[in-house]
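Have a look at data29.txt below; it lists compact mmCIF, C-alpha atoms.
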# COMPACT_ATOMS: atom_id res chain seq x y z
CA MET I 1 -8.95 18.22 11.52
CA SER I 2 -12.64 18.40 12.38
CA ALA I 3 -14.55 15.49 13.87
CA ASP I 4 -17.05 15.82 11.01
CA GLY I 5 -14.25 15.53 8.47
CA VAL I 6 -12.92 12.38 10.11
CA LEU I 7 -16.42 10.92 10.42
CA ASP I 8 -17.16 11.54 6.74
CA ALA I 9 -13.88 9.96 5.71
CA LEU I 10 -14.52 6.94 7.96
CA GLN I 11 -17.95 6.50 6.41
CA ASP I 12 -16.46 6.70 2.92
CA VAL I 13 -13.98 3.94 3.76
CA LEU I 14 -16.73 1.86 5.40
CA ALA I 15 -18.87 2.15 2.28
CA ASP I 16 -15.88 1.04 0.22
CA GLU I 17 -15.33 -1.91 2.55
CA HIS I 18 -18.92 -3.11 2.12
CA ALA I 19 -18.33 -3.17 -1.64
CA ALA I 20 -14.96 -4.86 -1.23
CA LEU I 21 -16.41 -7.64 0.92
CA TYR I 22 -19.24 -8.24 -1.54
CA THR I 23 -16.78 -8.40 -4.44
CA TYR I 24 -14.42 -10.77 -2.65
CA GLY I 25 -17.38 -12.95 -1.79
CA VAL I 26 -18.29 -13.17 -5.48
CA LEU I 27 -14.68 -13.81 -6.52
CA GLY I 28 -14.31 -16.52 -3.88
CA ALA I 29 -17.46 -18.23 -5.10
CA ARG I 30 -16.02 -18.26 -8.62
CA THR I 31 -12.66 -19.71 -7.49
CA SER I 32 -12.00 -23.40 -6.94
CA GLN I 33 -10.05 -24.16 -3.78
CA SER I 34 -8.90 -27.50 -5.19
CA ALA I 35 -8.00 -26.30 -8.69
CA THR I 36 -6.38 -22.97 -7.69
CA PRO I 37 -5.45 -23.28 -4.00
CA ALA I 38 -2.94 -20.42 -4.01
CA LEU I 39 -5.45 -17.96 -5.44
CA TYR I 40 -8.15 -19.23 -3.11
CA ASP I 41 -5.89 -18.66 -0.11
CA VAL I 42 -5.02 -15.13 -1.26
CA LEU I 43 -8.70 -14.28 -1.70
CA THR I 44 -9.57 -15.77 1.68
CA GLU I 45 -6.91 -13.77 3.47
CA ALA I 46 -8.05 -10.60 1.74
CA TYR I 47 -11.66 -11.28 2.67
CA ARG I 48 -10.68 -11.71 6.32
CA ARG I 49 -8.64 -8.50 6.28
CA HIS I 50 -11.49 -6.49 4.79
CA ARG I 51 -13.96 -7.99 7.23
CA ALA I 52 -11.76 -7.01 10.17
CA ARG I 53 -11.36 -3.57 8.64
CA ARG I 54 -15.12 -3.18 8.26
CA ASP I 55 -15.68 -4.19 11.87
CA ARG I 56 -13.06 -1.71 13.10
CA LEU I 57 -14.58 1.07 10.99
CA ARG I 58 -18.03 0.48 12.49
CA LEU I 59 -16.53 0.96 15.94
CA LEU I 60 -14.61 4.08 14.88
CA VAL I 61 -17.77 5.61 13.43
CA ALA I 62 -19.73 4.78 16.58
CA ASP I 63 -16.99 6.33 18.71
CA LEU I 64 -17.71 9.61 16.91
CA ALA I 65 -21.45 9.23 17.55
CA GLY I 66 -22.11 8.39 13.92
CA GLU I 67 -24.47 5.79 12.46
CA PRO I 68 -22.32 3.37 10.43
CA VAL I 69 -23.32 3.44 6.78
CA ALA I 70 -25.09 0.23 5.81
CA ALA I 71 -24.11 -2.12 3.02
CA ALA I 72 -26.11 -2.01 -0.20
CA PRO I 73 -28.12 -5.12 -1.16
CA ALA I 74 -25.68 -5.80 -4.00
CA TYR I 75 -22.74 -4.31 -5.86
CA GLU I 76 -21.67 -4.46 -9.46
CA VAL I 77 -18.85 -6.94 -10.04
CA PRO I 78 -17.14 -6.82 -13.46
CA ALA I 79 -18.17 -9.75 -15.66
CA PRO I 80 -17.13 -12.39 -16.33
CA ALA I 81 -14.38 -12.21 -13.66
CA GLN I 82 -13.61 -15.90 -13.95
CA GLY I 83 -10.30 -17.60 -14.33
CA VAL I 84 -7.18 -16.74 -12.38
CA GLU I 85 -6.14 -13.65 -14.34
CA GLN I 86 -9.56 -12.03 -14.46
CA VAL I 87 -10.15 -12.69 -10.76
CA GLN I 88 -6.78 -11.16 -9.93
CA VAL I 89 -7.54 -8.09 -12.04
CA VAL I 90 -10.81 -7.45 -10.21
CA ALA I 91 -9.23 -8.07 -6.81
CA ARG I 92 -6.41 -5.64 -7.63
CA GLU I 93 -8.99 -3.02 -8.54
CA VAL I 94 -10.66 -3.56 -5.16
CA GLU I 95 -7.35 -3.02 -3.37
CA GLY I 96 -6.59 0.01 -5.50
CA ARG I 97 -9.87 1.67 -4.50
CA SER I 98 -9.25 0.74 -0.87
CA THR I 99 -5.77 2.28 -0.97
CA GLU I 100 -7.21 5.50 -2.33
CA ALA I 101 -10.03 5.70 0.22
CA LEU I 102 -7.64 4.97 3.08
CA ALA I 103 -5.14 7.57 1.88
CA ALA I 104 -7.98 10.11 1.98
CA LEU I 105 -8.70 9.00 5.56
CA VAL I 106 -5.02 9.50 6.42
CA ALA I 107 -5.36 13.08 5.22
CA ARG I 108 -8.43 13.79 7.35
CA SER I 109 -7.41 12.05 10.57
CA SER I 110 -4.69 12.09 13.18
CA GLY I 111 -3.25 9.96 15.97
CA GLU I 112 -4.39 6.35 16.19
CA VAL I 113 -6.93 6.61 13.37
CA ARG I 114 -4.31 7.96 10.97
CA SER I 115 -1.81 5.32 12.04
CA TRP I 116 -4.39 2.56 11.49
CA ALA I 117 -5.47 4.01 8.13
CA LEU I 118 -1.82 4.16 7.03
CA ASP I 119 -1.24 0.52 7.95
CA GLU I 120 -4.35 -0.55 6.06
CA ALA I 121 -3.49 1.56 3.00
CA VAL I 122 -0.01 0.02 2.89
CA TRP I 123 -1.53 -3.46 3.23
CA SER I 124 -4.00 -2.96 0.38
CA ALA I 125 -1.34 -1.50 -1.92
CA THR I 126 1.06 -4.34 -1.11
CA TRP I 127 -1.68 -6.94 -1.61
CA GLN I 128 -1.96 -5.75 -5.20
CA VAL I 129 1.54 -7.20 -5.70
CA GLU I 130 0.45 -10.44 -4.03
CA LEU I 131 -2.39 -10.50 -6.57
CA GLY I 132 0.05 -10.38 -9.45
CA GLY I 133 0.25 -6.62 -9.86
CA SER I 134 3.30 -4.44 -10.33
CA ALA I 135 4.64 -1.93 -7.85
CA THR I 136 3.72 1.66 -8.68
CA THR I 137 5.00 5.10 -7.74
CA TRP I 138 1.90 6.72 -6.23
CA PRO I 139 -0.58 4.11 -5.03
CA GLY I 140 -3.64 5.78 -3.53
CA ALA I 141 -2.74 9.16 -5.03
CA PRO I 142 -3.11 8.75 -8.80
CA GLU I 143 -3.14 12.50 -9.45
CA LEU I 144 0.56 12.61 -8.50
CA GLY I 145 1.58 10.12 -11.17
CA MET P 146 10.36 15.92 6.41
CA ALA P 147 14.08 16.49 6.04
CA SER P 148 14.68 13.04 7.51
CA VAL P 149 12.42 11.41 4.88
CA VAL P 150 14.22 13.23 2.06
CA ALA P 151 17.57 12.13 3.55
CA GLU P 152 16.31 8.53 3.73
CA LEU P 153 15.15 8.70 0.11
CA VAL P 154 18.58 9.96 -0.96
CA ARG P 155 20.19 7.14 1.04
CA ALA P 156 17.85 4.52 -0.47
CA GLU P 157 18.56 5.80 -3.99
CA ALA P 158 22.28 5.45 -3.30
CA VAL P 159 21.82 1.86 -2.16
CA VAL P 160 19.91 1.01 -5.35
CA ALA P 161 22.58 2.69 -7.49
CA ALA P 162 25.33 0.82 -5.64
CA ALA P 163 23.50 -2.49 -6.09
CA VAL P 164 23.21 -1.90 -9.84
CA ALA P 165 26.89 -0.89 -10.00
CA ALA P 166 27.86 -4.06 -8.14
CA VAL P 167 25.54 -6.32 -10.16
CA PRO P 168 24.75 -4.68 -13.53
CA GLY P 169 22.30 -7.45 -14.34
CA LEU P 170 19.98 -6.01 -11.67
CA ALA P 171 19.47 -2.75 -13.59
CA GLU P 172 16.14 -3.84 -15.05
CA ARG P 173 14.76 -5.19 -11.75
CA LEU P 174 15.86 -2.21 -9.68
CA GLY P 175 15.12 0.50 -12.23
CA PRO P 176 11.51 0.96 -11.05
CA VAL P 177 12.63 1.17 -7.42
CA GLY P 178 15.14 3.91 -8.17
CA ALA P 179 12.63 5.75 -10.35
CA ALA P 180 10.04 5.68 -7.55
CA HIS P 181 12.55 7.03 -5.03
CA ALA P 182 13.50 9.84 -7.42
CA ALA P 183 9.86 10.77 -8.02
CA HIS P 184 9.12 10.74 -4.28
CA ARG P 185 12.21 12.82 -3.53
CA GLU P 186 11.31 15.42 -6.17
CA VAL P 187 7.85 15.93 -4.70
CA LEU P 188 8.96 15.98 -1.06
CA ALA P 189 12.14 18.01 -1.53
CA GLY P 190 10.00 21.06 -2.19
CA ALA P 191 9.18 21.06 1.52
CA VAL P 192 12.85 21.15 2.49
CA LEU P 193 15.14 24.19 2.16
CA ASP P 194 17.74 23.69 -0.59
CA ALA P 195 20.50 24.09 1.93
CA ALA P 196 19.19 21.06 3.82
CA LEU P 197 19.23 18.62 0.87
CA PRO P 198 21.64 15.85 1.87
CA THR P 199 24.24 14.05 -0.18
CA ALA P 200 24.42 10.30 -0.08
CA ALA P 201 27.16 8.54 1.86
CA ALA P 202 29.24 5.96 0.04
CA VAL P 203 27.54 2.55 -0.08
CA THR P 204 29.17 -0.84 -0.57
CA VAL P 205 27.10 -3.69 -1.96
CA ALA P 206 28.36 -7.23 -2.44
CA PRO P 207 28.70 -8.17 -6.13
CA ARG P 208 26.30 -11.10 -5.83
CA ILE P 209 22.66 -11.08 -6.95
CA VAL P 210 20.97 -12.47 -3.85
CA ALA P 211 23.14 -10.47 -1.43
CA ALA P 212 22.59 -7.27 -3.41
CA LEU P 213 18.81 -7.77 -3.49
CA ARG P 214 18.75 -8.45 0.24
CA THR P 215 20.75 -5.28 0.88
CA VAL P 216 18.24 -3.30 -1.13
CA GLY P 217 15.38 -5.05 0.66
CA ARG P 218 16.73 -4.04 4.08
CA SER P 219 17.24 -0.51 2.84
CA GLU P 220 13.63 -0.36 1.67
CA GLN P 221 12.38 -1.52 5.07
CA ARG P 222 14.43 1.21 6.77
CA LEU P 223 12.98 3.80 4.39
CA LEU P 224 9.47 2.50 5.08
CA ARG P 225 9.88 2.94 8.83
CA SER P 226 11.04 6.52 8.34
CA VAL P 227 8.15 7.38 6.02
CA ARG P 228 5.58 5.80 8.36
CA GLU P 229 6.86 7.85 11.27
CA ALA P 230 6.76 11.07 9.25
CA CYS P 231 3.25 10.31 7.99
CA THR P 232 1.72 9.69 11.39
CA GLY P 233 3.29 12.87 12.76
CA ALA P 234 2.62 15.19 9.82
CA ALA P 235 0.71 18.33 10.74
CA SER P 236 -0.62 18.73 7.21
CA GLY P 237 -3.26 16.26 6.03
CA ASP P 238 -2.21 16.68 2.41
CA LEU P 239 1.41 15.92 3.28
CA ALA P 240 0.33 12.91 5.34
CA ARG P 241 -1.55 11.57 2.33
CA VAL P 242 1.48 12.01 0.07
CA LEU P 243 3.64 10.21 2.64
CA ALA P 244 1.05 7.42 2.88
CA SER P 245 1.38 6.94 -0.86
CA VAL P 246 5.19 6.91 -0.56
CA ALA P 247 4.93 4.28 2.17
CA ALA P 248 2.54 2.20 0.08
CA SER P 249 4.82 2.40 -2.96
CA THR P 250 7.89 1.49 -0.91
CA SER P 251 6.08 -1.51 0.53
CA GLN P 252 4.94 -2.61 -2.94
CA HIS P 253 8.51 -2.44 -4.29
CA ALA P 254 9.86 -4.31 -1.27
CA ALA P 255 7.25 -7.05 -1.78
CA ALA P 256 8.09 -7.32 -5.47
CA LEU P 257 11.82 -7.60 -4.68
CA SER P 258 11.23 -10.19 -1.98
CA THR P 259 9.43 -12.33 -4.55
CA GLN P 260 12.37 -11.93 -6.89
CA VAL P 261 14.95 -12.82 -4.23
CA THR P 262 13.33 -16.20 -3.64
CA SER P 263 12.54 -16.92 -7.29
What do you get writing this file as structure tokens?
Amino acid sequence: MSADGVLDALQDVLADEHAALYTYGVLGARTSQSATPALYDVLTEAYRRHRARRDRLRLLVADLAGEPVAAAPAYEVPAPAQGVEQVQVVAREVEGRSTEALAALVARSSGEVRSWALDEAVWSATWQVELGGSATTWPGAPELG
Amino acid sequence: MASVVAELVRAEAVVAAAVAAVPGLAERLGPVGAAHAAHREVLAGAVLDAALPTAAAVTVAPRIVAALRTVGRSEQRLLRSVREACTGAASGDLARVLASVAASTSQHAAALSTQVTS
């Protein structure tokens, strides 16, 4: 596994994390903590996880002498994405994309980076269930299904 | 890799035993068994036919909550085995497949754990 391959994969996941954080920020703003406390808590925990993931990725990219890819000014969030079910659908899509990007990083890394990417991929896939989704056979590798 | 296939065979046997002990669990556990079978079919190609294991006999208590907890523990054991194989895989493509197996196993375990308490 080449350092360039790992760096590219890390940058891809970091780019995905910027989008994920933006999306969760929008979803959180559209969710009432008082009216739907359970959903609000789930979104908050996911936001914190993705933020920690983003911060770790920046360090991993810097460790390989790369310049961490910057976040875009904005990202497209499916409309209207309001109400518990719609918010959950969008959040599940975020976690699905994260699982796929992290599985690709697993393929292109080794050692501690692979181990970390695996843990994060498993977390994102499992969080889809927490968000009301069903378990699937090949999360992160849709071409196998 | 052989150890992961053996663990998948073992986990399938636990699911089958749980359904035999509590037939009402067939619908809940069907997706778990189907996932294990799909994973085993893909991964068994990396193992010589002569090395494919047979499942040991499994006893599951004929009670819903106990049976689901037995399956839950079995899934956690499978997950540990898959994680270990993934982190040590020499092939990146195989590691990615194993990551997906781990993610699926964790999803099913989470779904069952919700069902055990509901």
Next on the checklist: Using Å and a single decimal, report how far atom CA of Thr23 of chain I sits from atom CA of Val90 of chain I.
Outcome noted: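 Calculated distance between atom CA of Val90 of chain I and atom CA of Thr23 of chain I is 8.4 Å.
Among P:Ala156, P:Ala180, P:Leu223, P:Ala151, the residue with the shortest atom-to-atom distance to chain I, counting all atoms listed in the file, is P:Ala180.
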Restrict the calculation to only C-alpha atoms, then for each residue of chain P with any atom at most 12 Å from an atom of chain I give the closest atom pair and their distance in Å to one decimal, rows by chain and rising residue number, as a tab-separated table.
residue	atom	partner	partner_atom	distance
P:Arg173	CA	I:Ala135	CA	11.3
P:Leu174	CA	I:Ala135	CA	11.4
P:Gly175	CA	I:Ala135	CA	11.6
P:Pro176	CA	I:Ala135	CA	8.1
P:Val177	CA	I:Ala135	CA	8.6
P:Gly178	CA	I:Thr137	CA	10.2
P:Ala179	CA	I:Thr137	CA	8.1
P:Ala180	CA	I:Thr137	CA	5.1
P:His181	CA	I:Thr137	CA	8.3
P:Ala182	CA	I:Thr137	CA	9.7
P:Ala183	CA	I:Thr137	CA	7.5
P:His184	CA	I:Thr137	CA	7.8
P:Arg185	CA	I:Thr137	CA	11.4
P:Glu186	CA	I:Leu144	CA	11.4
P:Val187	CA	I:Leu144	CA	8.9
P:Leu188	CA	I:Leu144	CA	11.7
P:Leu224	CA	I:Val122	CA	10.0
P:Arg225	CA	I:Asp119	CA	11.4
P:Val227	CA	I:Leu118	CA	10.5
P:Arg228	CA	I:Leu118	CA	7.7
P:Glu229	CA	I:Ser115	CA	9.1
P:Ala230	CA	I:Ser115	CA	10.7
P:Cys231	CA	I:Leu118	CA	8.0
P:Thr232	CA	I:Ser115	CA	5.7
P:Gly233	CA	I:Gly111	CA	7.8
P:Ala234	CA	I:Ser110	CA	8.6
P:Ala235	CA	I:Ser110	CA	8.6
P:Ser236	CA	I:Ala107	CA	7.6
P:Gly237	CA	I:Ala107	CA	3.9
P:Asp238	CA	I:Ala107	CA	5.5
P:Leu239	CA	I:Ala107	CA	7.6
P:Ala240	CA	I:Ala107	CA	5.7
P:Arg241	CA	I:Ala107	CA	5.0
P:Val242	CA	I:Ala141	CA	7.2
P:Leu243	CA	I:Ala103	CA	9.2
P:Ala244	CA	I:Leu118	CA	6.0
P:Ser245	CA	I:Trp138	CA	5.4
P:Val246	CA	I:Trp138	CA	6.6
P:Ala247	CA	I:Val122	CA	6.6
P:Ala248	CA	I:Val122	CA	4.4
P:Ser249	CA	I:Thr137	CA	5.5
P:Thr250	CA	I:Thr137	CA	8.2
P:Ser251	CA	I:Thr126	CA	6.0
P:Gln252	CA	I:Thr126	CA	4.6
P:His253	CA	I:Ala135	CA	5.3
P:Ala254	CA	I:Ala135	CA	8.7
P:Ala255	CA	I:Thr126	CA	6.8
P:Ala256	CA	I:Val129	CA	6.6
P:Leu257	CA	I:Ala135	CA	9.7
P:Ser258	CA	I:Val129	CA	10.8
P:Thr259	CA	I:Glu130	CA	9.2
P:Gln260	CA	I:Val129	CA	11.9
Just the selected residues (C-alpha atoms), exported as a CSV table (one decimal), keeping the file's coordinate frame, please.
chain,number,residue,atom,x,y,z
P,173,ARG,CA,14.8,-5.2,-11.8
P,174,LEU,CA,15.9,-2.2,-9.7
P,175,GLY,CA,15.1,0.5,-12.2
P,176,PRO,CA,11.5,1.0,-11.0
P,177,VAL,CA,12.6,1.2,-7.4
P,178,GLY,CA,15.1,3.9,-8.2
P,179,ALA,CA,12.6,5.8,-10.4
P,180,ALA,CA,10.0,5.7,-7.6
P,181,HIS,CA,12.6,7.0,-5.0
P,182,ALA,CA,13.5,9.8,-7.4
P,183,ALA,CA,9.9,10.8,-8.0
P,184,HIS,CA,9.1,10.7,-4.3
P,185,ARG,CA,12.2,12.8,-3.5
P,186,GLU,CA,11.3,15.4,-6.2
P,187,VAL,CA,7.8,15.9,-4.7
P,188,LEU,CA,9.0,16.0,-1.1
P,224,LEU,CA,9.5,2.5,5.1
P,225,ARG,CA,9.9,2.9,8.8
P,227,VAL,CA,8.2,7.4,6.0
P,228,ARG,CA,5.6,5.8,8.4
P,229,GLU,CA,6.9,7.8,11.3
P,230,ALA,CA,6.8,11.1,9.2
P,231,CYS,CA,3.2,10.3,8.0
P,232,THR,CA,1.7,9.7,11.4
P,233,GLY,CA,3.3,12.9,12.8
P,234,ALA,CA,2.6,15.2,9.8
P,235,ALA,CA,0.7,18.3,10.7
P,236,SER,CA,-0.6,18.7,7.2
P,237,GLY,CA,-3.3,16.3,6.0
P,238,ASP,CA,-2.2,16.7,2.4
P,239,LEU,CA,1.4,15.9,3.3
P,240,ALA,CA,0.3,12.9,5.3
P,241,ARG,CA,-1.6,11.6,2.3
P,242,VAL,CA,1.5,12.0,0.1
P,243,LEU,CA,3.6,10.2,2.6
P,244,ALA,CA,1.0,7.4,2.9
P,245,SER,CA,1.4,6.9,-0.9
P,246,VAL,CA,5.2,6.9,-0.6
P,247,ALA,CA,4.9,4.3,2.2
P,248,ALA,CA,2.5,2.2,0.1
P,249,SER,CA,4.8,2.4,-3.0
P,250,THR,CA,7.9,1.5,-0.9
P,251,SER,CA,6.1,-1.5,0.5
P,252,GLN,CA,4.9,-2.6,-2.9
P,253,HIS,CA,8.5,-2.4,-4.3
P,254,ALA,CA,9.9,-4.3,-1.3
P,255,ALA,CA,7.2,-7.0,-1.8
P,256,ALA,CA,8.1,-7.3,-5.5
P,257,LEU,CA,11.8,-7.6,-4.7
P,258,SER,CA,11.2,-10.2,-2.0
P,259,THR,CA,9.4,-12.3,-4.6
P,260,GLN,CA,12.4,-11.9,-6.9
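Here the question is which of P:Val164, P:Leu153, P:Met146, P:Ala171 gets nearest to Ala200 of chain P using all atoms listed in the file, and that residue is P:Leu153.
Atom CA of Leu14 of chain I lies 9.2 Å from atom CA of Arg56 of chain I.
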Item to check | Polymer residues at most 7 Å from segment 206-218 of chain P, all atoms listed in the file, same-chain spacing of 2 or more positions, as a list in words | outcome: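 Counting all atoms listed in the file, the residues come to Val159, Val160, Ala163, Ala166, Val167, Thr204, Glu220, Gln221, Arg222, Ala254, Leu257 and Val261 of chain P.
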Just the residues within 10 Å of Ala72 of chain I, please, counting only C-alpha atoms, with nothing from its chain fewer than 3 positions along; format it as a PDB file with C-alpha atoms, keeping the file's coordinate frame.
ATOM      1  CA  ALA I  15     -18.870   2.150   2.280  1.00  0.00           C
ATOM      2  CA  HIS I  18     -18.920  -3.110   2.120  1.00  0.00           C
ATOM      3  CA  ALA I  19     -18.330  -3.170  -1.640  1.00  0.00           C
ATOM      4  CA  TYR I  22     -19.240  -8.240  -1.540  1.00  0.00           C
ATOM      5  CA  VAL I  69     -23.320   3.440   6.780  1.00  0.00           C
ATOM      6  CA  TYR I  75     -22.740  -4.310  -5.860  1.00  0.00           C
TER       7      TYR I  75
END
Next on the checklist: Restricting the calculation to only C-alpha atoms: of I:Leu27, I:Val94, I:Leu57, I:Val42, which residue gets closest to Ala70 of chain I?
Outcome noted: I:Leu57
Next on the checklist: Rounded to one decimal, what separation in Å do you get between atom CA of Val149 of chain P and atom CA of Gly169 of chain P?
Outcome noted: 28.7 Å
Checklist entry - Of the candidates I:Gln11, I:Leu39, I:Val87, I:Gly25, which one gets nearest to Glu67 of chain I if we count all atoms listed in the file? => result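 The shortest atom-to-atom distance to Glu67 of chain I comes from I:Gln11.
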Given 5 Å on each side, where is the centre and what are the edge lengths in Å to one decimal of the axis-aligned box enclosing the listed atoms of segment 82-99 of chain I, as JSON?
{"center_x": -9.7, "center_y": -7.7, "center_z": -7.7, "size_x": 17.8, "size_y": 29.9, "size_z": 23.6}
If we count only C-alpha atoms, what is near Asp63 of chain I at a cut-off of 12 Å, once residues fewer than 2 positions away on the same chain are taken out, given as a CSV table (one decimal) with C-alpha atoms, in the coordinates of the input?
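Below is the file result.csv, written as the result:
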chain,number,residue,atom,x,y,z
I,3,ALA,CA,-14.6,15.5,13.9
I,6,VAL,CA,-12.9,12.4,10.1
I,7,LEU,CA,-16.4,10.9,10.4
I,10,LEU,CA,-14.5,6.9,8.0
I,56,ARG,CA,-13.1,-1.7,13.1
I,57,LEU,CA,-14.6,1.1,11.0
I,58,ARG,CA,-18.0,0.5,12.5
I,59,LEU,CA,-16.5,1.0,15.9
I,60,LEU,CA,-14.6,4.1,14.9
I,61,VAL,CA,-17.8,5.6,13.4
I,65,ALA,CA,-21.4,9.2,17.6
I,66,GLY,CA,-22.1,8.4,13.9
I,67,GLU,CA,-24.5,5.8,12.5
I,68,PRO,CA,-22.3,3.4,10.4
I,113,VAL,CA,-6.9,6.6,13.4
Checklist entry - Which residues come within 8 Å of Asp16 of chain I, counting all atoms listed in the file, excluding same-chain residues fewer than 5 positions away, as a list in words? => result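 Near neighbours after the sequence-gap exclusion: Arg97, Ser98 and Ala101 of chain I.
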Checklist entry - For Glu76 of chain I, which residue out of I:Asp41, I:Arg51, I:Ala46, I:Tyr24 is the nearest one, using all atoms listed in the file? => result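 Among I:Asp41, I:Arg51, I:Ala46, I:Tyr24, it is I:Tyr24 that comes nearest to Glu76 of chain I.
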